[in-house]
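Working notes for the structure below.
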Amino acid sequence: MKRVFSGMQPTGDLHLGNYIGALKRFIPLQEEAECFFCVVDLHALTVPRDPEELRSKTLELAGLYLAAGLDPERSALFVQSHNPAHSEGAWLLQCITRMGELGRMTQFKDKGKGSDSATAGLFSYPVLMAADILLYQADLVPVGEDQKQHLELTRDLADRFNRIYGEVFKIPEPQIGETGARIMALDNPEKKMSKSADSSLNSIQLLDDPDLILKKFKRAVTDSENRIRYDRENKPGISNLLDIHSVMTGESVDSLVERYRDKGYGHLKIDTAEAVIQELKPLQERFRDVMESGEVQRVLARGAERAREVAGETLSRMQQAMGLVSK
Ligand code: TYM
């Protein structure tokens, strides 16, 4: 059976990009693979956080995984810091990572902006991500397009480790969706939808109520051509709406373009909003039930146990291969 690993940061609120690019795609994988899904709280610490908020967002994200359909009987759901193998494994991998390759990571360049005050944690962030994945000997890593470069580094590090110290790691494959791997901001379709955006019109949050979702779609930035066609470069706003609509309803982009050919942008915006509202309604209801049931902590405890078992084995092999004396 194949192994799947993926993670999401418990920062800000989860948005439609996280849902389409990642969370929604995790659920069917449970049918065919042994899955490990993680709330990567250590990654969240790479920029300053309010401790109370981090704690509540960590539990909230676990609740959202469950509300979206993660089945704790089949998959392990856990918090990264509950498995110390991640930090230890990351240290060992840092010792074969080059400063140059971390300096080329575009997310670091975007977030750190070349500033001297960017933290060392932010710089070495992709190594912790590599440890997350490699410790589970994952075959597949479902992510959005923005994580592609981090996955390439993960594969390079696995290959380098295997060459220096002998075969320990499986080389993982990224799994990036064909549609919706890069959902753009509603208020600026040239940029990806992002948790760290200043404006609330940037993103649809998974817990937004229907009125707010409709309002945000109505205000979505488009273009002045007034013709519905798919062209990500010249019509990023309309193409983004078509992508979202397509993923929400399962109707292909081509068929949508055909159907909306003679209609105005307003129609497409309202119908896309409606499709999103319908998709998120059951998730929002389940989220409320899950958070009230008190089951989150139990699921996380069980998930961490399984995660420690699997990752602990790989960590021992790394330690041995590198010449650390066994305990
Ligand atoms: P994070 O928390 O920023 O995002 C979680 C997932 O959502 C995807 N995503 C998007 N997909 C489509 N359109 C968007 N606008 C969009 N924005 C975000 C991301 O690609 C991601 O799949 N470094 C990771 C977390 C991580 C991880 C891992 C992922 C840590 N360790 C190991 C996989 C495996 C991150 O910050 O994702």
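In the structure tokens, chains take letters A, B, ... by order of appearance, with residues numbered from 1 within each chain and ligands from 1 in the order shown.
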>> Show me which residues are within 7 Å of ligand 1 counting only C-alpha atoms and all ligand atoms, and format the list as a ChimeraX atom specification.
In response: /A:5-10,17-22,40,43,128-130,132-133,141-147,180-184,192-194
Can you pull out the residues contacting Gln297 of chain A? Cut-off 10 Å, using only C-alpha atoms, and skip same-chain residues under 6 positions away; I want them as a JSON list (two decimals) with N, CA and C atoms, in the first residue's frame.
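Output file around_24.json is given in full below:
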```json
[["chain", "number", "residue", "atom", "x", "y", "z"],
["A", 59, "LEU", "N", -5.86, 23.46, 17.01],
["A", 59, "LEU", "CA", -7.02, 22.58, 17.22],
["A", 59, "LEU", "C", -8.08, 22.81, 16.14],
["A", 62, "ALA", "N", -7.14, 21.00, 13.01],
["A", 62, "ALA", "CA", -7.42, 19.56, 13.15],
["A", 62, "ALA", "C", -8.92, 19.32, 12.95],
["A", 63, "GLY", "N", -9.75, 20.20, 13.50],
["A", 63, "GLY", "CA", -11.20, 20.10, 13.34],
["A", 63, "GLY", "C", -11.61, 20.23, 11.88],
["A", 78, "PHE", "N", -2.23, 14.22, 13.08],
["A", 78, "PHE", "CA", -1.46, 14.55, 14.28],
["A", 78, "PHE", "C", -0.82, 15.93, 14.17],
["A", 291, "MET", "N", -16.07, 20.22, 16.79],
["A", 291, "MET", "CA", -15.46, 21.02, 17.84],
["A", 291, "MET", "C", -16.22, 20.87, 19.16],
["A", 303, "GLY", "N", -3.28, 9.67, 16.62],
["A", 303, "GLY", "CA", -2.49, 9.92, 15.40],
["A", 303, "GLY", "C", -1.01, 10.07, 15.72]]
```
What's around Leu70 of chain A at 12 Å? Count only C-alpha atoms, leave out sequence neighbours fewer than 2 positions away in its own chain, and write the answer as a tab-separated table (two decimals) with N, CA, C and O atoms, in the first residue's frame.
```tsv
chain	number	residue	atom	x	y	z
A	23	LEU	N	-6.57	20.22	0.86
A	23	LEU	CA	-7.47	19.47	1.76
A	23	LEU	C	-8.51	18.61	1.02
A	23	LEU	O	-8.70	17.43	1.34
A	24	LYS	N	-9.17	19.19	0.04
A	24	LYS	CA	-10.21	18.42	-0.69
A	24	LYS	C	-9.60	17.20	-1.37
A	24	LYS	O	-10.24	16.16	-1.47
A	25	ARG	N	-8.37	17.33	-1.81
A	25	ARG	CA	-7.72	16.24	-2.54
A	25	ARG	C	-7.19	15.15	-1.60
A	25	ARG	O	-6.89	14.04	-2.02
A	26	PHE	N	-7.05	15.49	-0.31
A	26	PHE	CA	-6.56	14.47	0.64
A	26	PHE	C	-7.60	13.35	0.81
A	26	PHE	O	-7.25	12.20	1.01
A	27	ILE	N	-8.86	13.74	0.80
A	27	ILE	CA	-9.92	12.83	1.26
A	27	ILE	C	-10.01	11.54	0.43
A	27	ILE	O	-9.97	10.45	1.00
A	28	PRO	N	-10.08	11.63	-0.93
A	28	PRO	CA	-10.17	10.37	-1.69
A	28	PRO	C	-8.91	9.51	-1.61
A	28	PRO	O	-8.98	8.30	-1.82
A	29	LEU	N	-7.77	10.12	-1.27
A	29	LEU	CA	-6.54	9.33	-1.18
A	29	LEU	C	-6.61	8.29	-0.07
A	29	LEU	O	-5.89	7.29	-0.08
A	30	GLN	N	-7.49	8.55	0.90
A	30	GLN	CA	-7.62	7.60	2.02
A	30	GLN	C	-8.11	6.23	1.55
A	30	GLN	O	-7.92	5.24	2.23
A	31	GLU	N	-8.79	6.21	0.39
A	31	GLU	CA	-9.32	4.96	-0.15
A	31	GLU	C	-8.20	4.04	-0.64
A	31	GLU	O	-8.36	2.84	-0.71
A	35	CYS	N	-2.50	7.06	4.92
A	35	CYS	CA	-2.27	8.50	4.91
A	35	CYS	C	-1.86	9.06	6.27
A	35	CYS	O	-2.39	8.66	7.31
A	36	PHE	N	-0.92	10.00	6.23
A	36	PHE	CA	-0.52	10.76	7.41
A	36	PHE	C	-0.77	12.23	7.11
A	36	PHE	O	-0.19	12.76	6.16
A	37	PHE	N	-1.62	12.86	7.92
A	37	PHE	CA	-1.89	14.28	7.72
A	37	PHE	C	-1.50	15.03	8.99
A	37	PHE	O	-1.81	14.61	10.10
A	38	CYS	N	-0.84	16.15	8.77
A	38	CYS	CA	-0.17	16.80	9.89
A	38	CYS	C	-0.57	18.27	10.01
A	38	CYS	O	-0.76	18.96	9.00
A	61	LEU	N	-7.57	23.74	13.05
A	61	LEU	CA	-7.17	23.10	11.79
A	61	LEU	C	-7.42	21.59	11.85
A	61	LEU	O	-7.89	20.99	10.88
A	62	ALA	N	-7.14	21.00	13.01
A	62	ALA	CA	-7.42	19.56	13.15
A	62	ALA	C	-8.92	19.32	12.95
A	62	ALA	O	-9.33	18.38	12.27
A	63	GLY	N	-9.75	20.20	13.50
A	63	GLY	CA	-11.20	20.10	13.34
A	63	GLY	C	-11.61	20.23	11.88
A	63	GLY	O	-12.52	19.53	11.41
A	64	LEU	N	-10.93	21.10	11.15
A	64	LEU	CA	-11.27	21.27	9.73
A	64	LEU	C	-10.90	20.05	8.90
A	64	LEU	O	-11.62	19.66	7.98
A	65	TYR	N	-9.76	19.42	9.23
A	65	TYR	CA	-9.40	18.18	8.54
A	65	TYR	C	-10.54	17.17	8.72
A	65	TYR	O	-10.98	16.52	7.79
A	66	LEU	N	-11.00	17.02	9.98
A	66	LEU	CA	-12.05	16.03	10.26
A	66	LEU	C	-13.36	16.43	9.56
A	66	LEU	O	-14.04	15.59	8.97
A	67	ALA	N	-13.68	17.72	9.61
A	67	ALA	CA	-14.93	18.18	8.99
A	67	ALA	C	-14.92	17.97	7.49
A	67	ALA	O	-15.95	17.71	6.86
A	68	ALA	N	-13.73	18.04	6.88
A	68	ALA	CA	-13.63	17.86	5.43
A	68	ALA	C	-13.75	16.39	5.03
A	68	ALA	O	-13.91	16.08	3.86
A	72	PRO	N	-10.43	9.26	10.94
A	72	PRO	CA	-9.34	8.90	11.87
A	72	PRO	C	-9.19	7.40	12.07
A	72	PRO	O	-8.19	6.95	12.62
A	73	GLU	N	-10.16	6.63	11.58
A	73	GLU	CA	-10.01	5.17	11.65
A	73	GLU	C	-9.03	4.67	10.60
A	73	GLU	O	-8.45	3.61	10.71
A	74	ARG	N	-8.92	5.45	9.54
A	74	ARG	CA	-8.06	5.03	8.43
A	74	ARG	C	-6.75	5.79	8.37
A	74	ARG	O	-5.74	5.26	7.92
A	75	SER	N	-6.80	7.08	8.73
A	75	SER	CA	-5.62	7.93	8.52
A	75	SER	C	-5.13	8.46	9.85
A	75	SER	O	-5.91	8.61	10.79
A	76	ALA	N	-3.83	8.75	9.91
A	76	ALA	CA	-3.30	9.35	11.13
A	76	ALA	C	-3.33	10.87	10.98
A	76	ALA	O	-2.80	11.41	10.01
A	77	LEU	N	-3.99	11.53	11.92
A	77	LEU	CA	-4.01	13.00	11.96
A	77	LEU	C	-3.26	13.39	13.22
A	77	LEU	O	-3.59	12.91	14.31
A	78	PHE	N	-2.23	14.22	13.08
A	78	PHE	CA	-1.46	14.55	14.28
A	78	PHE	C	-0.82	15.93	14.17
A	78	PHE	O	-0.78	16.54	13.10
A	283	LEU	N	-19.48	21.03	5.34
A	283	LEU	CA	-18.19	21.09	6.06
A	283	LEU	C	-18.33	21.99	7.30
A	283	LEU	O	-17.88	21.65	8.39
A	286	ARG	N	-20.38	20.17	9.96
A	286	ARG	CA	-19.60	19.11	10.62
A	286	ARG	C	-18.53	19.72	11.53
A	286	ARG	O	-18.24	19.21	12.60
A	287	PHE	N	-17.97	20.85	11.09
A	287	PHE	CA	-16.94	21.50	11.90
A	287	PHE	C	-17.50	21.86	13.28
A	287	PHE	O	-16.87	21.59	14.30
A	290	VAL	N	-17.90	18.67	15.30
A	290	VAL	CA	-16.60	18.09	15.70
A	290	VAL	C	-16.02	18.88	16.87
A	290	VAL	O	-15.54	18.30	17.85
A	296	VAL	N	-11.46	15.96	19.03
A	296	VAL	CA	-10.22	16.35	18.36
A	296	VAL	C	-8.97	15.90	19.13
A	296	VAL	O	-8.06	15.29	18.57
A	299	VAL	N	-8.37	12.15	18.84
A	299	VAL	CA	-7.88	11.76	17.51
A	299	VAL	C	-6.40	12.12	17.37
A	299	VAL	O	-5.59	11.34	16.87
A	303	GLY	N	-3.28	9.67	16.62
A	303	GLY	CA	-2.49	9.92	15.40
A	303	GLY	C	-1.01	10.07	15.72
A	303	GLY	O	-0.14	9.55	15.01
```
>> I'd like to know which residues of segment 143-263 of chain A are alpha helix (DSSP H) (by DSSP, run on the backbone); could you write them as a PyMOL selection string?
In response: chain A and resi 148-165+210-218+236-249+253-260
>> Show me, as a VMD selection string, the residues that have an atom within 9 Å of segment 88-97 of chain A when counting only C-alpha atoms, minus same-chain residues fewer than 3 positions from it.
In response: chain A and resid 84 to 85 100 to 102 124 127 to 132 134 to 135 157 to 158 160 to 161 314 to 315 318 to 319 322
> Counting only C-alpha atoms, what is within 10 Å of Thr249 of chain A, bar same-chain residues fewer than 2 positions away, as a list in words?
Replying inline: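 Those residues are Ile244, His245, Ser246, Val247, Glu251, Ser252, Thr272, Ala275, Val276, Gln278 and Glu279 of chain A.
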